[in-house]
Amino acid sequence: MKIMFRRNICLFGNLSVLVRVYNFKAFSSTESANCKVRVRFAPSPTGYLHLGGLRTALYNYLFAKGHNGAFVLRIEDTDQSRIVPDAMERLENDLIWAGIEPDESPSKGGLYGPYNQSDRLPLYSDQVKKLLDSGSAYHCFCSDRRLDLLRREALRLRQVPRYDNRCRGLSQEEVQDKLKRGEPHCVRFKLESHVETFTDLVYGNVSYDVTQNEGDPVIMKTDGFPTYHFANVVDDHFMEISHVLRGVEWQISTTKHILLYKAFGWEPPQFAHLPLIMNPDGTKLSKRQGDIRVESYRRDGIFSLALVNFVTNAGGGFSRDMDGVKPRIYSLQELSSQFDLKRLNAHSCRLMPDRLDEFNRLELQRQLTDEKETAALVQRIKQILTETFQDKLENQSLLLQDDHIRSVLLWSQKRIHRLTDLVERNLAFLWVLPSVSSLPDIVNDDKLGMLMELNECLTKIPKSDFVKEHLKSLLRDFASQRSIQFGQLMKLLRSLLSGLKEGPGVAEMMEILGPDSTASRIESAIAVLKSRREKTEMCKQDSAV
Ligand code: GLU
């Protein structure tokens, strides 16, 4: 037993006022030695995986791995009308991409399957029957029209709309009669009216009388499918889930779930609700960060471990918070050994959007320290290059060489955040010739001659000397010997090498382009300048005639 400083929360009736009372309480450790940890991520396939879902899945996974437990993926598809056809496969793909591989899942199977709720209907029917038999549930024949009228009346009286539990009062005979006549019905659970308290491993004690806000909830719908609340409780029990880690928006439902556990005579799992993730200014995440689907980060060139570190960087939960300020990338293994529910903040956590790029750069740098991962990056860049430039690539046989790409990567690792930055505007010159139209309008013989001389000079340098420092001093000497302004020479060279007005230093550009590409760019500029001169001369002759 550890003495922990926890908070107590009471959710009071209609007002849902959260009262936090700080107290000391004896807190039995979640890591209780003899408890086998089994956790689950239980998305509904009504959309794709977004940052909030990723965080929930991730924390469940880290918690399981940190305790030698199992991480289960369960698909909660009982609301058939809201199912998005390919959401399930995409959810699992996104999880696997993020490194969060389930131990049991619909595609992987496992001892506690099936893992899609729609395949477990007979189990729910059996369990509903148990509650009906024990008197904890009852058939409800109220029509949609009646329920709608109830709702409207409550709103008119400025009350919380809730079912008035009318069918609780039906006699056995009435029920049997209606069932015989085939009247449409659902099954409702009898809520007990009293303040139920549970210990949230993040928020402390939570007390709530659910009947203050709700009528008896439906557990089996008219279509024969269970509702989320019922299926969730039945599955967590039969799948032997030891800890439920889920978003705090579900905290309000937990007392209802506990009442269901009680009605069955089952031991509930332990609950830990994860605080909301917000923008830095406290607004809803999707408002400012736009598309927060994992898939879109993936498409935009974010590395999975960067996204994982980004998501785990806000809201506490890890001992690394004590490490100091220097950000770094942690592996999933490191994160799981550091993850501790007791370190999670109970207030909403704020994600700093700029940090994602920073984490992506750190992850790129980390991958570049590993042979195998670098080789994979090189292949990925080849793919990006061919997709982006196709036959516009300057010199395919040279540029697509692994060694060349590797050296570009090493050079650019402090300049870029994503691999795709390598083909963006100010680095595209690495792969394609700058357009001729970007050449400054210099047609006089002086500059043409000077370029030819410079080209000759550069071709004489041994390959090993074709490096930034050496090239820089060579260019300085070249300018001073010919009384050319160094700044002007740099402007000209930058423009013909890259088509850019600013960007990396000219000597640096030359080094990274290498001697062949540098020479061919200078030569093609020479050719353009020559043809411009010829044209001007022809015009002059024409006008003289
Ligand atoms: N199906 C629920 C969801 O999509 C799961 C909530 C829970 O984890 O209990 O969020």
# chains A, B, ... in the order shown; residues from 1 in each chain; ligands from 1
call {"tool": "residues_near_ligand", "arguments": {"ligand": "ligand 1", "cutoff": "6 Å", "atoms": "only C-alpha atoms and all ligand atoms", "output": "PyMOL selection string"}}
result
chain A and resi 42-44+76+246
call {"tool": "residues_around", "arguments": {"residues": "Ala87 of chain A", "least_positions_apart": "6", "cutoff": "10 Å", "atoms": "only C-alpha atoms", "output": "list in words"}}
result
Pro43, Ser44, Pro45, Thr46, Gly47, Tyr48, Leu49 and Asn93 of chain A
call {"tool": "write_last_selection", "arguments": {"atoms": "all heavy atoms", "output": "mmCIF file, in the first residue's frame"}}
result
data_model
loop_
_atom_site.group_PDB
_atom_site.id
_atom_site.type_symbol
_atom_site.label_atom_id
_atom_site.label_comp_id
_atom_site.auth_asym_id
_atom_site.auth_seq_id
_atom_site.Cartn_x
_atom_site.Cartn_y
_atom_site.Cartn_z
ATOM 1 N N PRO A 43 -12.357 0.915 -30.099
ATOM 2 C CA PRO A 43 -12.961 1.955 -30.933
ATOM 3 C C PRO A 43 -14.230 1.480 -31.622
ATOM 4 O O PRO A 43 -14.423 0.284 -31.852
ATOM 5 C CB PRO A 43 -11.885 2.226 -31.980
ATOM 6 C CG PRO A 43 -11.142 0.936 -32.097
ATOM 7 C CD PRO A 43 -11.175 0.313 -30.734
ATOM 8 N N SER A 44 -15.082 2.442 -31.943
ATOM 9 C CA SER A 44 -16.240 2.141 -32.781
ATOM 10 C C SER A 44 -15.814 2.484 -34.206
ATOM 11 O O SER A 44 -15.208 3.536 -34.422
ATOM 12 C CB SER A 44 -17.415 3.015 -32.384
ATOM 13 O OG SER A 44 -17.687 2.804 -31.022
ATOM 14 N N PRO A 45 -16.129 1.627 -35.154
ATOM 15 C CA PRO A 45 -15.642 1.900 -36.522
ATOM 16 C C PRO A 45 -16.519 2.929 -37.232
ATOM 17 O O PRO A 45 -17.014 2.691 -38.324
ATOM 18 C CB PRO A 45 -15.701 0.525 -37.188
ATOM 19 C CG PRO A 45 -16.793 -0.183 -36.457
ATOM 20 C CD PRO A 45 -16.845 0.356 -35.065
ATOM 21 N N THR A 46 -16.689 4.068 -36.591
ATOM 22 C CA THR A 46 -17.551 5.105 -37.156
ATOM 23 C C THR A 46 -16.705 6.203 -37.778
ATOM 24 O O THR A 46 -17.225 7.213 -38.236
ATOM 25 C CB THR A 46 -18.428 5.729 -36.057
ATOM 26 O OG1 THR A 46 -17.561 6.101 -34.974
ATOM 27 C CG2 THR A 46 -19.444 4.741 -35.545
ATOM 28 N N GLY A 47 -15.409 6.037 -37.756
ATOM 29 C CA GLY A 47 -14.516 7.043 -38.336
ATOM 30 C C GLY A 47 -13.108 6.496 -38.267
ATOM 31 O O GLY A 47 -12.913 5.325 -37.929
ATOM 32 N N TYR A 48 -12.151 7.346 -38.580
ATOM 33 C CA TYR A 48 -10.770 6.878 -38.614
ATOM 34 C C TYR A 48 -10.029 7.248 -37.323
ATOM 35 O O TYR A 48 -10.536 8.033 -36.532
ATOM 36 C CB TYR A 48 -10.072 7.427 -39.864
ATOM 37 C CG TYR A 48 -10.855 7.076 -41.108
ATOM 38 C CD1 TYR A 48 -11.352 8.056 -41.952
ATOM 39 C CD2 TYR A 48 -11.157 5.744 -41.401
ATOM 40 C CE1 TYR A 48 -12.097 7.712 -43.079
ATOM 41 C CE2 TYR A 48 -11.898 5.397 -42.522
ATOM 42 C CZ TYR A 48 -12.371 6.386 -43.355
ATOM 43 O OH TYR A 48 -13.120 6.047 -44.444
ATOM 44 N N LEU A 49 -8.856 6.687 -37.178
ATOM 45 C CA LEU A 49 -8.104 6.929 -35.940
ATOM 46 C C LEU A 49 -7.557 8.362 -35.936
ATOM 47 O O LEU A 49 -6.896 8.775 -36.883
ATOM 48 C CB LEU A 49 -6.950 5.923 -35.841
ATOM 49 C CG LEU A 49 -6.194 5.903 -34.523
ATOM 50 C CD1 LEU A 49 -7.087 5.395 -33.398
ATOM 51 C CD2 LEU A 49 -4.946 5.025 -34.619
ATOM 52 N N ASN A 93 -4.638 -0.861 -39.258
ATOM 53 C CA ASN A 93 -3.427 -0.495 -40.005
ATOM 54 C C ASN A 93 -2.705 0.673 -39.368
ATOM 55 O O ASN A 93 -1.475 0.660 -39.242
ATOM 56 C CB ASN A 93 -3.799 -0.046 -41.425
ATOM 57 C CG ASN A 93 -3.920 -1.237 -42.320
ATOM 58 O OD1 ASN A 93 -3.447 -2.319 -41.983
ATOM 59 N ND2 ASN A 93 -4.573 -1.048 -43.453
#
call {"tool": "residues_around", "arguments": {"residues": "Asn279 of chain A", "least_positions_apart": "3", "cutoff": "8 Å", "atoms": "only C-alpha atoms", "output": "PyMOL selection string"}}
result
chain A and resi 282-285+288-289+350-353
call {"tool": "select_by_dssp", "arguments": {"residues": "segment 312-387 of chain A", "states": "strand (DSSP E or B)", "output": "PyMOL selection string"}}
result
chain A and resi 316-318+339-344+349-350
call {"tool": "write_last_selection", "arguments": {"atoms": "N, CA, C and O atoms", "output": "compact mmCIF listing (two decimals), in the first residue's frame"}}
result
# COMPACT_ATOMS: atom_id res chain seq x y z
N GLY A 316 1.83 14.57 -19.08
CA GLY A 316 2.52 13.76 -18.06
C GLY A 316 2.33 12.28 -18.28
O GLY A 316 1.87 11.83 -19.32
N GLY A 317 2.68 11.53 -17.26
CA GLY A 317 2.52 10.08 -17.35
C GLY A 317 3.84 9.33 -17.43
O GLY A 317 3.88 8.11 -17.34
N PHE A 318 4.94 10.09 -17.59
CA PHE A 318 6.23 9.42 -17.81
C PHE A 318 7.29 9.96 -16.87
O PHE A 318 7.32 11.16 -16.60
N PHE A 339 6.18 4.61 -18.32
CA PHE A 339 4.77 5.01 -18.16
C PHE A 339 4.23 4.62 -16.79
O PHE A 339 4.40 3.49 -16.35
N ASP A 340 3.59 5.57 -16.16
CA ASP A 340 3.06 5.33 -14.83
C ASP A 340 1.78 6.15 -14.68
O ASP A 340 1.81 7.38 -14.79
N LEU A 341 0.66 5.44 -14.46
CA LEU A 341 -0.62 6.13 -14.34
C LEU A 341 -0.60 7.22 -13.28
O LEU A 341 -1.25 8.24 -13.40
N LYS A 342 0.20 6.98 -12.25
CA LYS A 342 0.22 7.94 -11.14
C LYS A 342 0.83 9.28 -11.56
O LYS A 342 0.65 10.28 -10.90
N ARG A 343 1.56 9.25 -12.67
CA ARG A 343 2.18 10.50 -13.12
C ARG A 343 1.30 11.29 -14.10
O ARG A 343 1.68 12.36 -14.55
N LEU A 344 0.16 10.70 -14.46
CA LEU A 344 -0.72 11.39 -15.41
C LEU A 344 -1.37 12.61 -14.77
O LEU A 344 -1.83 12.53 -13.63
N CYS A 349 -4.58 18.12 -21.23
CA CYS A 349 -3.21 18.34 -21.64
C CYS A 349 -3.18 19.07 -22.97
O CYS A 349 -4.05 18.87 -23.82
N ARG A 350 -2.19 19.89 -23.14
CA ARG A 350 -2.14 20.76 -24.33
C ARG A 350 -1.02 20.33 -25.26
O ARG A 350 0.11 20.19 -24.85
call {"tool": "residues_around", "arguments": {"residues": "Ser337 of chain A", "least_positions_apart": "3", "cutoff": "12 Å", "atoms": "only C-alpha atoms", "output": "list in words"}}
result
Tyr59, Tyr61, Leu62, Phe63, Ala64, Lys65, Gly66, His67, Asn68, Gly317, Phe318, Ser319, Arg320, Tyr330, Ser331, Leu332, Gln333, Glu334, Asp340 and Leu341 of chain A
call {"tool": "residues_around", "arguments": {"residues": "Ser193 of chain A", "least_positions_apart": "3", "cutoff": "10 Å", "atoms": "only C-alpha atoms", "output": "PDB file with all heavy atoms, in the first residue's frame"}}
result
ATOM      1  N   LYS A 190     -32.523  -1.538 -14.871  1.00  0.00           N
ATOM      2  CA  LYS A 190     -33.060  -0.760 -13.743  1.00  0.00           C
ATOM      3  C   LYS A 190     -31.917  -0.086 -12.993  1.00  0.00           C
ATOM      4  O   LYS A 190     -31.100  -0.767 -12.358  1.00  0.00           O
ATOM      5  CB  LYS A 190     -33.788  -1.694 -12.768  1.00  0.00           C
ATOM      6  CG  LYS A 190     -35.168  -2.091 -13.210  1.00  0.00           C
ATOM      7  CD  LYS A 190     -35.845  -2.908 -12.111  1.00  0.00           C
ATOM      8  CE  LYS A 190     -37.085  -3.582 -12.643  1.00  0.00           C
ATOM      9  NZ  LYS A 190     -37.535  -4.688 -11.800  1.00  0.00           N
ATOM     10  N   GLU A 196     -23.017   6.399  -6.263  1.00  0.00           N
ATOM     11  CA  GLU A 196     -22.045   5.323  -6.452  1.00  0.00           C
ATOM     12  C   GLU A 196     -20.652   5.959  -6.491  1.00  0.00           C
ATOM     13  O   GLU A 196     -20.451   6.984  -7.141  1.00  0.00           O
ATOM     14  CB  GLU A 196     -22.366   4.616  -7.780  1.00  0.00           C
ATOM     15  CG  GLU A 196     -21.521   3.426  -8.126  1.00  0.00           C
ATOM     16  CD  GLU A 196     -21.742   2.257  -7.177  1.00  0.00           C
ATOM     17  OE1 GLU A 196     -22.905   1.953  -6.854  1.00  0.00           O
ATOM     18  OE2 GLU A 196     -20.731   1.660  -6.755  1.00  0.00           O
ATOM     19  N   TYR A 208     -21.207   9.709  -7.999  1.00  0.00           N
ATOM     20  CA  TYR A 208     -22.234  10.191  -8.920  1.00  0.00           C
ATOM     21  C   TYR A 208     -23.490   9.358  -8.747  1.00  0.00           C
ATOM     22  O   TYR A 208     -23.431   8.131  -8.691  1.00  0.00           O
ATOM     23  CB  TYR A 208     -21.670  10.053 -10.345  1.00  0.00           C
ATOM     24  CG  TYR A 208     -22.587  10.504 -11.447  1.00  0.00           C
ATOM     25  CD1 TYR A 208     -23.239  11.734 -11.398  1.00  0.00           C
ATOM     26  CD2 TYR A 208     -22.775   9.705 -12.566  1.00  0.00           C
ATOM     27  CE1 TYR A 208     -24.073  12.140 -12.430  1.00  0.00           C
ATOM     28  CE2 TYR A 208     -23.596  10.111 -13.608  1.00  0.00           C
ATOM     29  CZ  TYR A 208     -24.245  11.344 -13.531  1.00  0.00           C
ATOM     30  OH  TYR A 208     -25.047  11.743 -14.548  1.00  0.00           O
ATOM     31  N   ASP A 209     -24.622  10.071  -8.680  1.00  0.00           N
ATOM     32  CA  ASP A 209     -25.902   9.354  -8.683  1.00  0.00           C
ATOM     33  C   ASP A 209     -26.466   9.477 -10.091  1.00  0.00           C
ATOM     34  O   ASP A 209     -27.018  10.517 -10.467  1.00  0.00           O
ATOM     35  CB  ASP A 209     -26.855   9.984  -7.658  1.00  0.00           C
ATOM     36  CG  ASP A 209     -28.211   9.271  -7.671  1.00  0.00           C
ATOM     37  OD1 ASP A 209     -28.406   8.382  -8.526  1.00  0.00           O
ATOM     38  OD2 ASP A 209     -29.069   9.618  -6.845  1.00  0.00           O
ATOM     39  N   VAL A 210     -26.348   8.416 -10.838  1.00  0.00           N
ATOM     40  CA  VAL A 210     -26.684   8.467 -12.253  1.00  0.00           C
ATOM     41  C   VAL A 210     -28.174   8.724 -12.475  1.00  0.00           C
ATOM     42  O   VAL A 210     -28.572   9.328 -13.475  1.00  0.00           O
ATOM     43  CB  VAL A 210     -26.158   7.191 -12.978  1.00  0.00           C
ATOM     44  CG1 VAL A 210     -26.828   5.960 -12.489  1.00  0.00           C
ATOM     45  CG2 VAL A 210     -26.311   7.304 -14.475  1.00  0.00           C
ATOM     46  N   THR A 211     -29.021   8.334 -11.503  1.00  0.00           N
ATOM     47  CA  THR A 211     -30.470   8.515 -11.700  1.00  0.00           C
ATOM     48  C   THR A 211     -30.871   9.990 -11.669  1.00  0.00           C
ATOM     49  O   THR A 211     -31.978  10.338 -12.044  1.00  0.00           O
ATOM     50  CB  THR A 211     -31.284   7.753 -10.624  1.00  0.00           C
ATOM     51  OG1 THR A 211     -30.897   8.244  -9.350  1.00  0.00           O
ATOM     52  CG2 THR A 211     -31.064   6.271 -10.710  1.00  0.00           C
ATOM     53  N   GLN A 212     -29.965  10.843 -11.188  1.00  0.00           N
ATOM     54  CA  GLN A 212     -30.272  12.275 -11.196  1.00  0.00           C
ATOM     55  C   GLN A 212     -30.361  12.815 -12.621  1.00  0.00           C
ATOM     56  O   GLN A 212     -30.989  13.830 -12.867  1.00  0.00           O
ATOM     57  CB  GLN A 212     -29.169  13.046 -10.448  1.00  0.00           C
ATOM     58  CG  GLN A 212     -29.100  12.745  -8.976  1.00  0.00           C
ATOM     59  CD  GLN A 212     -30.320  13.275  -8.247  1.00  0.00           C
ATOM     60  OE1 GLN A 212     -30.642  14.460  -8.343  1.00  0.00           O
ATOM     61  NE2 GLN A 212     -31.027  12.403  -7.548  1.00  0.00           N
TER      62      GLN A 212
END
call {"tool": "residues_around", "arguments": {"residues": "Asp216 of chain A", "least_positions_apart": "5", "cutoff": "8 Å", "atoms": "only C-alpha atoms", "output": "list in words"}}
result
Tyr163, Asp164, Asn165, Arg188, Phe189, Lys190, Leu191 and Thr211 of chain A
call {"tool": "write_last_selection", "arguments": {"atoms": "all heavy atoms", "output": "mmCIF file, in the first residue's frame"}}
result
data_model
loop_
_atom_site.group_PDB
_atom_site.id
_atom_site.type_symbol
_atom_site.label_atom_id
_atom_site.label_comp_id
_atom_site.auth_asym_id
_atom_site.auth_seq_id
_atom_site.Cartn_x
_atom_site.Cartn_y
_atom_site.Cartn_z
ATOM 1 N N TYR A 163 -35.848 9.168 -19.751
ATOM 2 C CA TYR A 163 -36.961 8.231 -19.799
ATOM 3 C C TYR A 163 -37.615 8.177 -18.411
ATOM 4 O O TYR A 163 -36.922 8.171 -17.383
ATOM 5 C CB TYR A 163 -36.437 6.851 -20.226
ATOM 6 C CG TYR A 163 -37.521 5.806 -20.279
ATOM 7 C CD1 TYR A 163 -38.655 5.999 -21.062
ATOM 8 C CD2 TYR A 163 -37.427 4.641 -19.529
ATOM 9 C CE1 TYR A 163 -39.661 5.052 -21.096
ATOM 10 C CE2 TYR A 163 -38.417 3.677 -19.568
ATOM 11 C CZ TYR A 163 -39.544 3.899 -20.347
ATOM 12 O OH TYR A 163 -40.547 2.968 -20.382
ATOM 13 N N ASP A 164 -38.954 8.090 -18.400
ATOM 14 C CA ASP A 164 -39.647 8.130 -17.109
ATOM 15 C C ASP A 164 -39.856 6.738 -16.489
ATOM 16 O O ASP A 164 -40.606 6.590 -15.519
ATOM 17 C CB ASP A 164 -41.002 8.845 -17.252
ATOM 18 C CG ASP A 164 -41.902 8.128 -18.268
ATOM 19 O OD1 ASP A 164 -41.452 7.125 -18.862
ATOM 20 O OD2 ASP A 164 -43.048 8.569 -18.475
ATOM 21 N N ASN A 165 -39.210 5.746 -17.028
ATOM 22 C CA ASN A 165 -39.227 4.371 -16.483
ATOM 23 C C ASN A 165 -40.631 3.745 -16.451
ATOM 24 O O ASN A 165 -40.914 2.887 -15.608
ATOM 25 C CB ASN A 165 -38.623 4.308 -15.062
ATOM 26 C CG ASN A 165 -37.194 4.831 -15.040
ATOM 27 O OD1 ASN A 165 -36.580 5.003 -16.100
ATOM 28 N ND2 ASN A 165 -36.653 5.061 -13.872
ATOM 29 N N ARG A 188 -34.485 -2.571 -20.986
ATOM 30 C CA ARG A 188 -33.837 -1.515 -20.189
ATOM 31 C C ARG A 188 -33.297 -2.078 -18.876
ATOM 32 O O ARG A 188 -33.846 -3.044 -18.336
ATOM 33 C CB ARG A 188 -34.835 -0.399 -19.868
ATOM 34 C CG ARG A 188 -35.203 0.434 -21.079
ATOM 35 C CD ARG A 188 -36.098 1.602 -20.689
ATOM 36 N NE ARG A 188 -36.564 2.304 -21.869
ATOM 37 C CZ ARG A 188 -35.962 3.390 -22.375
ATOM 38 N NH1 ARG A 188 -34.887 3.877 -21.794
ATOM 39 N NH2 ARG A 188 -36.451 3.977 -23.455
ATOM 40 N N PHE A 189 -32.269 -1.404 -18.381
ATOM 41 C CA PHE A 189 -31.638 -1.800 -17.119
ATOM 42 C C PHE A 189 -32.188 -0.917 -15.997
ATOM 43 O O PHE A 189 -32.316 0.300 -16.170
ATOM 44 C CB PHE A 189 -30.120 -1.617 -17.259
ATOM 45 C CG PHE A 189 -29.350 -1.847 -15.999
ATOM 46 C CD1 PHE A 189 -29.379 -3.084 -15.364
ATOM 47 C CD2 PHE A 189 -28.574 -0.830 -15.448
ATOM 48 C CE1 PHE A 189 -28.658 -3.295 -14.188
ATOM 49 C CE2 PHE A 189 -27.847 -1.040 -14.287
ATOM 50 C CZ PHE A 189 -27.898 -2.281 -13.656
ATOM 51 N N LYS A 190 -32.523 -1.538 -14.871
ATOM 52 C CA LYS A 190 -33.060 -0.760 -13.743
ATOM 53 C C LYS A 190 -31.917 -0.086 -12.993
ATOM 54 O O LYS A 190 -31.100 -0.767 -12.358
ATOM 55 C CB LYS A 190 -33.788 -1.694 -12.768
ATOM 56 C CG LYS A 190 -35.168 -2.091 -13.210
ATOM 57 C CD LYS A 190 -35.845 -2.908 -12.111
ATOM 58 C CE LYS A 190 -37.085 -3.582 -12.643
ATOM 59 N NZ LYS A 190 -37.535 -4.688 -11.800
ATOM 60 N N LEU A 191 -31.873 1.234 -13.070
ATOM 61 C CA LEU A 191 -30.814 1.949 -12.334
ATOM 62 C C LEU A 191 -31.189 2.048 -10.865
ATOM 63 O O LEU A 191 -32.354 2.259 -10.535
ATOM 64 C CB LEU A 191 -30.650 3.356 -12.895
ATOM 65 C CG LEU A 191 -30.009 3.507 -14.268
ATOM 66 C CD1 LEU A 191 -29.948 4.986 -14.636
ATOM 67 C CD2 LEU A 191 -28.608 2.920 -14.290
ATOM 68 N N THR A 211 -29.021 8.334 -11.503
ATOM 69 C CA THR A 211 -30.470 8.515 -11.700
ATOM 70 C C THR A 211 -30.871 9.990 -11.669
ATOM 71 O O THR A 211 -31.978 10.338 -12.044
ATOM 72 C CB THR A 211 -31.284 7.753 -10.624
ATOM 73 O OG1 THR A 211 -30.897 8.244 -9.350
ATOM 74 C CG2 THR A 211 -31.064 6.271 -10.710
#
call {"tool": "atom_distance", "arguments": {"atom1": "atom CA of Leu400 of chain A", "atom2": "atom CA of Ser435 of chain A"}}
result
20.7 Å
call {"tool": "atom_distance", "arguments": {"atom1": "atom CA of Pro327 of chain A", "atom2": "atom CA of Leu362 of chain A"}}
result
8.4 Å
call {"tool": "residues_around", "arguments": {"residues": "His273 of chain A", "least_positions_apart": "4", "cutoff": "10 Å", "atoms": "only C-alpha atoms", "output": "list of chain:residue names"}}
result
A:Thr56, A:Asp200, A:Leu201, A:Val202, A:Tyr203, A:Val244, A:Leu245, A:Arg246, A:Gly247, A:Val248, A:Glu249, A:Trp250, A:Gln251, A:Thr254, A:Leu341, A:Leu344, A:Ala346
call {"tool": "decode", "arguments": {"residues": "segment 196-219 of chain A", "atoms": "N, CA and C atoms", "output": "PDB file, in the first residue's frame"}}
result
ATOM      1  N   GLU A 196     -23.017   6.399  -6.263  1.00  0.00           N
ATOM      2  CA  GLU A 196     -22.045   5.323  -6.452  1.00  0.00           C
ATOM      3  C   GLU A 196     -20.652   5.959  -6.491  1.00  0.00           C
ATOM      4  N   THR A 197     -19.725   5.368  -5.813  1.00  0.00           N
ATOM      5  CA  THR A 197     -18.369   5.928  -5.812  1.00  0.00           C
ATOM      6  C   THR A 197     -17.390   4.904  -6.371  1.00  0.00           C
ATOM      7  N   PHE A 198     -16.497   5.365  -7.203  1.00  0.00           N
ATOM      8  CA  PHE A 198     -15.404   4.470  -7.619  1.00  0.00           C
ATOM      9  C   PHE A 198     -14.104   5.259  -7.599  1.00  0.00           C
ATOM     10  N   THR A 199     -13.006   4.523  -7.585  1.00  0.00           N
ATOM     11  CA  THR A 199     -11.710   5.194  -7.567  1.00  0.00           C
ATOM     12  C   THR A 199     -11.139   5.215  -8.968  1.00  0.00           C
ATOM     13  N   ASP A 200     -11.027   6.403  -9.496  1.00  0.00           N
ATOM     14  CA  ASP A 200     -10.418   6.572 -10.814  1.00  0.00           C
ATOM     15  C   ASP A 200      -8.910   6.678 -10.581  1.00  0.00           C
ATOM     16  N   LEU A 201      -8.138   5.855 -11.271  1.00  0.00           N
ATOM     17  CA  LEU A 201      -6.699   5.830 -10.998  1.00  0.00           C
ATOM     18  C   LEU A 201      -5.998   7.123 -11.406  1.00  0.00           C
ATOM     19  N   VAL A 202      -6.706   7.965 -12.172  1.00  0.00           N
ATOM     20  CA  VAL A 202      -6.123   9.267 -12.518  1.00  0.00           C
ATOM     21  C   VAL A 202      -6.780  10.384 -11.705  1.00  0.00           C
ATOM     22  N   TYR A 203      -8.080  10.322 -11.564  1.00  0.00           N
ATOM     23  CA  TYR A 203      -8.823  11.433 -10.961  1.00  0.00           C
ATOM     24  C   TYR A 203      -9.155  11.250  -9.476  1.00  0.00           C
ATOM     25  N   GLY A 204      -8.855  10.100  -8.917  1.00  0.00           N
ATOM     26  CA  GLY A 204      -9.221   9.884  -7.514  1.00  0.00           C
ATOM     27  C   GLY A 204     -10.652   9.409  -7.394  1.00  0.00           C
ATOM     28  N   ASN A 205     -11.282   9.675  -6.232  1.00  0.00           N
ATOM     29  CA  ASN A 205     -12.649   9.182  -6.022  1.00  0.00           C
ATOM     30  C   ASN A 205     -13.665   9.977  -6.826  1.00  0.00           C
ATOM     31  N   VAL A 206     -14.535   9.256  -7.514  1.00  0.00           N
ATOM     32  CA  VAL A 206     -15.581   9.897  -8.304  1.00  0.00           C
ATOM     33  C   VAL A 206     -16.914   9.386  -7.780  1.00  0.00           C
ATOM     34  N   SER A 207     -17.797  10.320  -7.409  1.00  0.00           N
ATOM     35  CA  SER A 207     -19.105   9.907  -6.877  1.00  0.00           C
ATOM     36  C   SER A 207     -20.198  10.503  -7.727  1.00  0.00           C
ATOM     37  N   TYR A 208     -21.207   9.709  -7.999  1.00  0.00           N
ATOM     38  CA  TYR A 208     -22.234  10.191  -8.920  1.00  0.00           C
ATOM     39  C   TYR A 208     -23.490   9.358  -8.747  1.00  0.00           C
ATOM     40  N   ASP A 209     -24.622  10.071  -8.680  1.00  0.00           N
ATOM     41  CA  ASP A 209     -25.902   9.354  -8.683  1.00  0.00           C
ATOM     42  C   ASP A 209     -26.466   9.477 -10.091  1.00  0.00           C
ATOM     43  N   VAL A 210     -26.348   8.416 -10.838  1.00  0.00           N
ATOM     44  CA  VAL A 210     -26.684   8.467 -12.253  1.00  0.00           C
ATOM     45  C   VAL A 210     -28.174   8.724 -12.475  1.00  0.00           C
ATOM     46  N   THR A 211     -29.021   8.334 -11.503  1.00  0.00           N
ATOM     47  CA  THR A 211     -30.470   8.515 -11.700  1.00  0.00           C
ATOM     48  C   THR A 211     -30.871   9.990 -11.669  1.00  0.00           C
ATOM     49  N   GLN A 212     -29.965  10.843 -11.188  1.00  0.00           N
ATOM     50  CA  GLN A 212     -30.272  12.275 -11.196  1.00  0.00           C
ATOM     51  C   GLN A 212     -30.361  12.815 -12.621  1.00  0.00           C
ATOM     52  N   ASN A 213     -29.661  12.175 -13.513  1.00  0.00           N
ATOM     53  CA  ASN A 213     -29.618  12.677 -14.881  1.00  0.00           C
ATOM     54  C   ASN A 213     -30.231  11.758 -15.923  1.00  0.00           C
ATOM     55  N   GLU A 214     -30.438  10.505 -15.580  1.00  0.00           N
ATOM     56  CA  GLU A 214     -30.875   9.544 -16.600  1.00  0.00           C
ATOM     57  C   GLU A 214     -32.032   8.693 -16.132  1.00  0.00           C
ATOM     58  N   GLY A 215     -32.860   8.304 -17.089  1.00  0.00           N
ATOM     59  CA  GLY A 215     -33.841   7.266 -16.831  1.00  0.00           C
ATOM     60  C   GLY A 215     -33.160   5.926 -17.062  1.00  0.00           C
ATOM     61  N   ASP A 216     -33.891   4.844 -16.885  1.00  0.00           N
ATOM     62  CA  ASP A 216     -33.276   3.522 -17.084  1.00  0.00           C
ATOM     63  C   ASP A 216     -32.735   3.389 -18.514  1.00  0.00           C
ATOM     64  N   PRO A 217     -31.479   3.028 -18.655  1.00  0.00           N
ATOM     65  CA  PRO A 217     -30.898   2.994 -20.000  1.00  0.00           C
ATOM     66  C   PRO A 217     -31.262   1.721 -20.776  1.00  0.00           C
ATOM     67  N   VAL A 218     -31.345   1.879 -22.086  1.00  0.00           N
ATOM     68  CA  VAL A 218     -31.574   0.722 -22.955  1.00  0.00           C
ATOM     69  C   VAL A 218     -30.291  -0.115 -22.955  1.00  0.00           C
ATOM     70  N   ILE A 219     -30.430  -1.408 -22.820  1.00  0.00           N
ATOM     71  CA  ILE A 219     -29.242  -2.268 -22.935  1.00  0.00           C
ATOM     72  C   ILE A 219     -29.320  -3.147 -24.192  1.00  0.00           C
TER      73      ILE A 219
END
